[in-house]
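Contents: one structure, followed by commentary.
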Amino acid sequence: MAALALGIIGFGIMGERLLRQALPHPAFRLSGIWDPSPEAAARLAAIDPDLRMAPDAATVIAGCDTLYIAAPPAAHVPLARAAIAAGKAVLLEKPLATDLVEAEAFVAEAEAQGARAGVNFPMASSPAVAQIAAWRQEIGAPQRLEVEAHFARWPRGWQQDASTWLSRRAEGGFTREVLSHFLFLTRRQMGPMQLLSAKAEFPGGDLSETAIQAELTAGGIPVRLSGSVGRIAEDEANGWTLTAAGGSIRLRNWSLAERLGADGTWHMAPDAIPNDRMRPMTLRGQMDKLAALTRGEPQGLATLREALEVQRIVEAVLAA
């Protein structure tokens, strides 16, 4: 089977991570990549001196079978619309757009056109999430869920190249960038979400939030959502903790699936995958699903509709 031509627009940390998985993946060949920043061009050359930036986004779209959009959020919908109009498959980063009305309109258009499109929520391919799903079958009816993400600073140290927008209220903030992943997990595991109450704190000016709290339901189950900046010493701590009739399970720090034992302590599965292998396996799974999406085959990527539901919750929390 011929390799699929992959185009990438946006070469920050997410674009680089996906490229490093795409280069050795047998289903893909890189057909074009574009980012306007000189720093991005230097990082690309460091990966492979033979790789060059395309002259513009239109060139990348024209030459690909599937387009990965990892540009800042304001560019997501315009780029996706152009690619879909050209008959390409699309994988977007979240959020879908900076404006919820625009996101709603885009999803309706894409669905009406039967577009091949998905959103890059890697938990769709996480082995740790697969373990959580398996444990759910053993612990009985869910009773409550707690989701939290806390940071020493925002943006995190490795995100400084994108700090010009990640630190701003219009496009950035940890609720959009991090808690959205756990809301996707909540939607997929528990069911439709409904926001009941929320509060968000901002430091002033156009800077992004420093704390949020929210109460919602997912599939009728109570969910408590919280996040903060500057209240912990470590770089980041997050968790998705489900309490059920027959026990408790959690996903901690992105990739550690743990189950509460009879001794009152948390335990990983005996065959748990080490952290250093988890991210490559997860991204490889995303690439496998992207190949299937491009070929029109069944796959489990986050859908535009799922991402839209997540964005509705996120934006409602931030507006509270």
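Chain labels A, B, ... are given in the sequence in which chains occur in the structure tokens; within each chain residues are numbered consecutively from 1, and ligands are likewise numbered from 1 in the order shown.
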
Near-segment 32-42 of chain A list (6 Å; only C-alpha atoms; drop same-chain fewer than 6 positions) as an mmCIF file with all heavy atoms, in the first residue's frame:
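Final output, selection06.cif:
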```cif
data_model
loop_
_atom_site.group_PDB
_atom_site.id
_atom_site.type_symbol
_atom_site.label_atom_id
_atom_site.label_comp_id
_atom_site.auth_asym_id
_atom_site.auth_seq_id
_atom_site.Cartn_x
_atom_site.Cartn_y
_atom_site.Cartn_z
ATOM 1 N N GLY A 7 1.139 16.260 5.619
ATOM 2 C CA GLY A 7 1.541 17.649 5.723
ATOM 3 C C GLY A 7 1.353 18.132 7.155
ATOM 4 O O GLY A 7 0.418 17.715 7.835
ATOM 5 N N ILE A 8 2.244 18.990 7.622
ATOM 6 C CA ILE A 8 2.179 19.528 8.980
ATOM 7 C C ILE A 8 2.273 21.044 8.903
ATOM 8 O O ILE A 8 3.185 21.586 8.279
ATOM 9 C CB ILE A 8 3.321 18.986 9.865
ATOM 10 C CG1 ILE A 8 3.242 17.466 9.980
ATOM 11 C CG2 ILE A 8 3.294 19.636 11.249
ATOM 12 C CD1 ILE A 8 4.413 16.840 10.728
ATOM 13 N N ILE A 9 1.332 21.724 9.534
ATOM 14 C CA ILE A 9 1.386 23.181 9.651
ATOM 15 C C ILE A 9 1.438 23.527 11.139
ATOM 16 O O ILE A 9 0.531 23.185 11.898
ATOM 17 C CB ILE A 9 0.178 23.856 8.975
ATOM 18 C CG1 ILE A 9 0.190 23.568 7.475
ATOM 19 C CG2 ILE A 9 0.197 25.361 9.239
ATOM 20 C CD1 ILE A 9 -0.987 24.161 6.723
ATOM 21 N N GLY A 10 2.526 24.167 11.522
ATOM 22 C CA GLY A 10 2.794 24.460 12.931
ATOM 23 C C GLY A 10 3.850 23.510 13.446
ATOM 24 O O GLY A 10 3.616 22.303 13.524
ATOM 25 N N PHE A 11 5.021 24.042 13.787
ATOM 26 C CA PHE A 11 6.107 23.171 14.213
ATOM 27 C C PHE A 11 6.650 23.593 15.573
ATOM 28 O O PHE A 11 7.829 23.844 15.751
ATOM 29 C CB PHE A 11 7.222 23.140 13.165
ATOM 30 C CG PHE A 11 8.155 21.970 13.321
ATOM 31 C CD1 PHE A 11 7.679 20.674 13.206
ATOM 32 C CD2 PHE A 11 9.496 22.160 13.604
ATOM 33 C CE1 PHE A 11 8.531 19.586 13.366
ATOM 34 C CE2 PHE A 11 10.366 21.092 13.761
ATOM 35 C CZ PHE A 11 9.874 19.793 13.647
ATOM 36 N N MET A 53 11.449 23.791 5.144
ATOM 37 C CA MET A 53 10.119 24.368 5.269
ATOM 38 C C MET A 53 9.534 24.662 3.892
ATOM 39 O O MET A 53 10.244 25.140 2.993
ATOM 40 C CB MET A 53 10.167 25.666 6.084
ATOM 41 C CG MET A 53 10.409 25.482 7.565
ATOM 42 S SD MET A 53 8.957 24.765 8.386
ATOM 43 C CE MET A 53 9.597 24.687 10.086
ATOM 44 N N ALA A 54 8.249 24.387 3.732
ATOM 45 C CA ALA A 54 7.549 24.783 2.515
ATOM 46 C C ALA A 54 7.412 26.307 2.492
ATOM 47 O O ALA A 54 7.520 26.961 3.530
ATOM 48 C CB ALA A 54 6.167 24.132 2.479
ATOM 49 N N VAL A 60 1.667 23.231 1.429
ATOM 50 C CA VAL A 60 1.566 22.018 2.247
ATOM 51 C C VAL A 60 0.223 21.336 2.016
ATOM 52 O O VAL A 60 0.141 20.112 1.821
ATOM 53 C CB VAL A 60 1.756 22.346 3.739
ATOM 54 C CG1 VAL A 60 1.553 21.094 4.596
ATOM 55 C CG2 VAL A 60 3.138 22.925 3.987
#
```

Rows by chain and residue number, segment 150-262 of chain A within 12 Å of segment 88-103 of chain A, shortest pair, only C-alpha atoms, as a tab-separated table:
```
residue	atom	partner	partner_atom	distance
A:Trp165	CA	A:Thr98	CA	11.3
A:Arg168	CA	A:Thr98	CA	11.7
A:Arg169	CA	A:Thr98	CA	10.1
A:Ala170	CA	A:Thr98	CA	6.9
A:Glu171	CA	A:Thr98	CA	5.9
A:Gly172	CA	A:Thr98	CA	9.2
A:Gly173	CA	A:Pro95	CA	11.2
A:Phe174	CA	A:Pro95	CA	11.7
A:Thr175	CA	A:Pro95	CA	10.4
A:Arg176	CA	A:Pro95	CA	6.7
A:Glu177	CA	A:Lys94	CA	7.6
A:Val178	CA	A:Lys94	CA	10.0
A:Leu179	CA	A:Lys94	CA	11.3
A:Ser180	CA	A:Lys94	CA	8.2
A:His181	CA	A:Lys94	CA	9.0
A:Phe184	CA	A:Lys94	CA	10.7
```

Take the residues from that selection and write them out as an mmCIF file, in the first residue's frame, keeping N, CA and C atoms.
```cif
data_model
loop_
_atom_site.group_PDB
_atom_site.id
_atom_site.type_symbol
_atom_site.label_atom_id
_atom_site.label_comp_id
_atom_site.auth_asym_id
_atom_site.auth_seq_id
_atom_site.Cartn_x
_atom_site.Cartn_y
_atom_site.Cartn_z
ATOM 1 N N TRP A 165 1.143 33.113 23.191
ATOM 2 C CA TRP A 165 -0.309 32.904 23.170
ATOM 3 C C TRP A 165 -0.785 31.977 24.283
ATOM 4 N N ARG A 168 -1.975 33.852 27.356
ATOM 5 C CA ARG A 168 -2.987 34.876 27.162
ATOM 6 C C ARG A 168 -4.397 34.307 27.236
ATOM 7 N N ARG A 169 -5.290 35.166 27.639
ATOM 8 C CA ARG A 169 -6.677 34.746 27.863
ATOM 9 C C ARG A 169 -7.375 34.358 26.562
ATOM 10 N N ALA A 170 -7.009 35.000 25.452
ATOM 11 C CA ALA A 170 -7.739 34.784 24.206
ATOM 12 C C ALA A 170 -7.614 33.360 23.681
ATOM 13 N N GLU A 171 -6.404 32.775 23.729
ATOM 14 C CA GLU A 171 -6.185 31.456 23.140
ATOM 15 C C GLU A 171 -5.594 30.436 24.106
ATOM 16 N N GLY A 172 -4.977 30.890 25.190
ATOM 17 C CA GLY A 172 -4.211 29.983 26.030
ATOM 18 C C GLY A 172 -4.883 29.605 27.332
ATOM 19 N N GLY A 173 -4.036 29.306 28.325
ATOM 20 C CA GLY A 173 -4.516 28.890 29.633
ATOM 21 C C GLY A 173 -4.523 27.385 29.799
ATOM 22 N N PHE A 174 -4.375 26.949 31.057
ATOM 23 C CA PHE A 174 -4.278 25.510 31.315
ATOM 24 C C PHE A 174 -5.608 24.779 31.163
ATOM 25 N N THR A 175 -6.725 25.494 31.278
ATOM 26 C CA THR A 175 -8.020 24.817 31.127
ATOM 27 C C THR A 175 -8.184 24.325 29.699
ATOM 28 N N ARG A 176 -7.836 25.161 28.735
ATOM 29 C CA ARG A 176 -7.902 24.740 27.326
ATOM 30 C C ARG A 176 -6.828 23.707 26.996
ATOM 31 N N GLU A 177 -5.618 23.946 27.491
ATOM 32 C CA GLU A 177 -4.486 23.143 27.056
ATOM 33 C C GLU A 177 -4.363 21.796 27.765
ATOM 34 N N VAL A 178 -4.749 21.731 29.037
ATOM 35 C CA VAL A 178 -4.540 20.506 29.817
ATOM 36 C C VAL A 178 -5.854 19.887 30.275
ATOM 37 N N LEU A 179 -6.686 20.656 30.953
ATOM 38 C CA LEU A 179 -7.924 20.065 31.463
ATOM 39 C C LEU A 179 -8.827 19.566 30.343
ATOM 40 N N SER A 180 -8.692 20.138 29.146
ATOM 41 C CA SER A 180 -9.495 19.650 28.020
ATOM 42 C C SER A 180 -9.222 18.176 27.735
ATOM 43 N N HIS A 181 -7.973 17.727 27.914
ATOM 44 C CA HIS A 181 -7.656 16.313 27.702
ATOM 45 C C HIS A 181 -8.440 15.429 28.676
ATOM 46 N N PHE A 184 -12.058 15.329 27.753
ATOM 47 C CA PHE A 184 -12.273 14.346 26.684
ATOM 48 C C PHE A 184 -12.345 12.940 27.255
#
```

Quick one: DSSP alpha helix (DSSP H) residues in segment 15-85 of chain A, as a PyMOL selection string? chain A and resi 15-22+38-47+57-63+76-85

Pull C-alpha atoms from the residues just selected and write them as a tab-separated table (two decimals), in the first residue's frame.
```
chain	number	residue	atom	x	y	z
A	15	GLY	CA	4.32	19.34	15.62
A	16	GLU	CA	7.80	18.09	16.44
A	17	ARG	CA	6.50	15.18	18.53
A	18	LEU	CA	4.19	14.01	15.76
A	19	LEU	CA	6.86	14.43	13.09
A	20	ARG	CA	9.28	12.25	15.03
A	21	GLN	CA	6.65	9.49	15.06
A	22	ALA	CA	5.68	10.03	11.43
A	38	PRO	CA	13.02	30.93	12.22
A	39	GLU	CA	13.25	28.91	15.44
A	40	ALA	CA	10.98	26.26	13.96
A	41	ALA	CA	13.12	26.05	10.84
A	42	ALA	CA	16.22	25.55	12.98
A	43	ARG	CA	14.56	22.73	14.95
A	44	LEU	CA	13.49	21.06	11.72
A	45	ALA	CA	17.04	21.20	10.35
A	46	ALA	CA	18.35	19.70	13.59
A	47	ILE	CA	16.08	16.68	13.11
A	57	ALA	CA	0.56	26.77	4.14
A	58	ALA	CA	-1.19	26.46	0.77
A	59	THR	CA	1.74	24.49	-0.65
A	60	VAL	CA	1.57	22.02	2.25
A	61	ILE	CA	-2.19	21.55	1.82
A	62	ALA	CA	-1.91	21.02	-1.93
A	63	GLY	CA	0.74	18.32	-1.58
A	76	HIS	CA	-7.25	25.94	13.22
A	77	VAL	CA	-10.59	26.47	11.49
A	78	PRO	CA	-9.30	28.46	8.47
A	79	LEU	CA	-6.64	25.83	7.78
A	80	ALA	CA	-9.04	22.93	8.34
A	81	ARG	CA	-11.64	24.45	6.04
A	82	ALA	CA	-9.05	24.91	3.30
A	83	ALA	CA	-7.83	21.33	3.63
A	84	ILE	CA	-11.32	19.82	3.69
A	85	ALA	CA	-12.32	21.88	0.64
```

Just asking: which residues within segment 58-105 of chain A are strand (DSSP E or B) according to DSSP, as a list in words? Thr66, Leu67, Tyr68, Ile69, Ala89, Val90, Leu91 and Leu92 of chain A

Selection: 9 Å around segment 130-141 of chain A, only C-alpha atoms, excl. self and same-chain fewer than 3 positions, as a compact mmCIF listing (two decimals) with N, CA, C and O atoms, in the first residue's frame:
```txt
# COMPACT_ATOMS: atom_id res chain seq x y z
N MET A 123 -5.17 10.66 24.54
CA MET A 123 -5.73 9.65 25.42
C MET A 123 -6.59 8.64 24.66
O MET A 123 -6.89 7.56 25.17
N ALA A 124 -6.97 8.97 23.44
CA ALA A 124 -7.69 8.01 22.60
C ALA A 124 -6.85 6.80 22.28
O ALA A 124 -7.39 5.74 21.92
N SER A 125 -5.52 6.91 22.41
CA SER A 125 -4.62 5.80 22.10
C SER A 125 -3.73 5.40 23.27
O SER A 125 -2.78 4.64 23.08
N SER A 126 -4.01 5.89 24.46
CA SER A 126 -3.14 5.65 25.61
C SER A 126 -3.33 4.25 26.20
O SER A 126 -4.45 3.87 26.55
N PRO A 127 -2.26 3.46 26.34
CA PRO A 127 -2.36 2.17 27.02
C PRO A 127 -2.83 2.31 28.47
O PRO A 127 -3.52 1.44 28.99
N GLN A 189 -15.38 8.14 28.57
CA GLN A 189 -15.57 7.07 29.55
C GLN A 189 -16.94 7.11 30.23
O GLN A 189 -17.51 6.07 30.52
N LEU A 242 -11.71 8.12 39.69
CA LEU A 242 -13.08 7.63 39.66
C LEU A 242 -13.34 6.73 40.86
O LEU A 242 -12.60 5.76 41.09
N THR A 243 -14.38 7.07 41.62
CA THR A 243 -14.82 6.24 42.73
C THR A 243 -16.09 5.52 42.34
O THR A 243 -17.04 6.15 41.84
N ALA A 244 -16.11 4.21 42.53
CA ALA A 244 -17.26 3.38 42.14
C ALA A 244 -17.67 2.50 43.31
O ALA A 244 -17.01 2.48 44.37
N ALA A 245 -18.74 1.77 43.13
CA ALA A 245 -19.27 0.93 44.21
C ALA A 245 -18.26 -0.10 44.67
O ALA A 245 -18.21 -0.45 45.85
N GLY A 246 -17.41 -0.58 43.75
CA GLY A 246 -16.47 -1.63 44.09
C GLY A 246 -15.03 -1.22 44.15
O GLY A 246 -14.14 -2.07 44.08
N GLY A 247 -14.76 0.08 44.32
CA GLY A 247 -13.38 0.52 44.43
C GLY A 247 -13.10 1.80 43.68
O GLY A 247 -14.00 2.41 43.09
N SER A 248 -11.84 2.23 43.69
CA SER A 248 -11.43 3.48 43.05
C SER A 248 -10.25 3.22 42.11
O SER A 248 -9.38 2.40 42.40
N ILE A 249 -10.24 3.96 41.01
CA ILE A 249 -9.14 3.89 40.04
C ILE A 249 -8.78 5.32 39.65
O ILE A 249 -9.59 6.24 39.79
N ARG A 250 -7.55 5.50 39.17
CA ARG A 250 -7.18 6.84 38.74
C ARG A 250 -6.12 6.79 37.65
O ARG A 250 -5.35 5.83 37.54
N LEU A 251 -6.10 7.86 36.87
CA LEU A 251 -5.02 8.14 35.93
C LEU A 251 -4.27 9.33 36.52
O LEU A 251 -4.84 10.41 36.68
N ALA A 257 -1.73 4.54 35.37
CA ALA A 257 -3.02 3.96 35.76
C ALA A 257 -2.84 3.25 37.09
O ALA A 257 -1.98 2.37 37.23
N GLU A 258 -3.64 3.61 38.08
CA GLU A 258 -3.50 3.07 39.43
C GLU A 258 -4.86 2.68 40.00
O GLU A 258 -5.88 3.28 39.67
N ARG A 259 -4.82 1.67 40.87
CA ARG A 259 -6.04 1.17 41.51
C ARG A 259 -5.85 1.16 43.02
O ARG A 259 -4.78 0.77 43.51
N ALA A 269 -0.85 -1.53 37.71
CA ALA A 269 -1.02 -2.89 37.23
C ALA A 269 0.33 -3.59 37.16
O ALA A 269 1.35 -2.95 36.89
N ALA A 272 2.22 -2.82 33.99
CA ALA A 272 2.17 -1.42 33.58
C ALA A 272 3.36 -1.08 32.69
O ALA A 272 4.49 -1.53 32.92
```

One number please: atom CA of Pro274 of chain A to atom CA of Ile232 of chain A, in Å, one decimal.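 Computed distance, atom CA of Pro274 of chain A to atom CA of Ile232 of chain A, equals 24.9 Å.
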
Just checking: using only C-alpha atoms, which residue out of A:Gly118, A:Gly230, A:Pro72, A:Gly87 ends up closest to His150 of chain A?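 For His150 of chain A, the nearest of the candidates is A:Gly230.
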
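The spacing separating atom CA of Phe106 of chain A from atom CA of Thr164 of chain A amounts to 25.7 Å.
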
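For the choices A:Leu23, A:Ala112, A:Leu6, A:Ala71, the atom-to-atom distance to Leu166 of chain A is smallest for A:Ala71 when using only C-alpha atoms.
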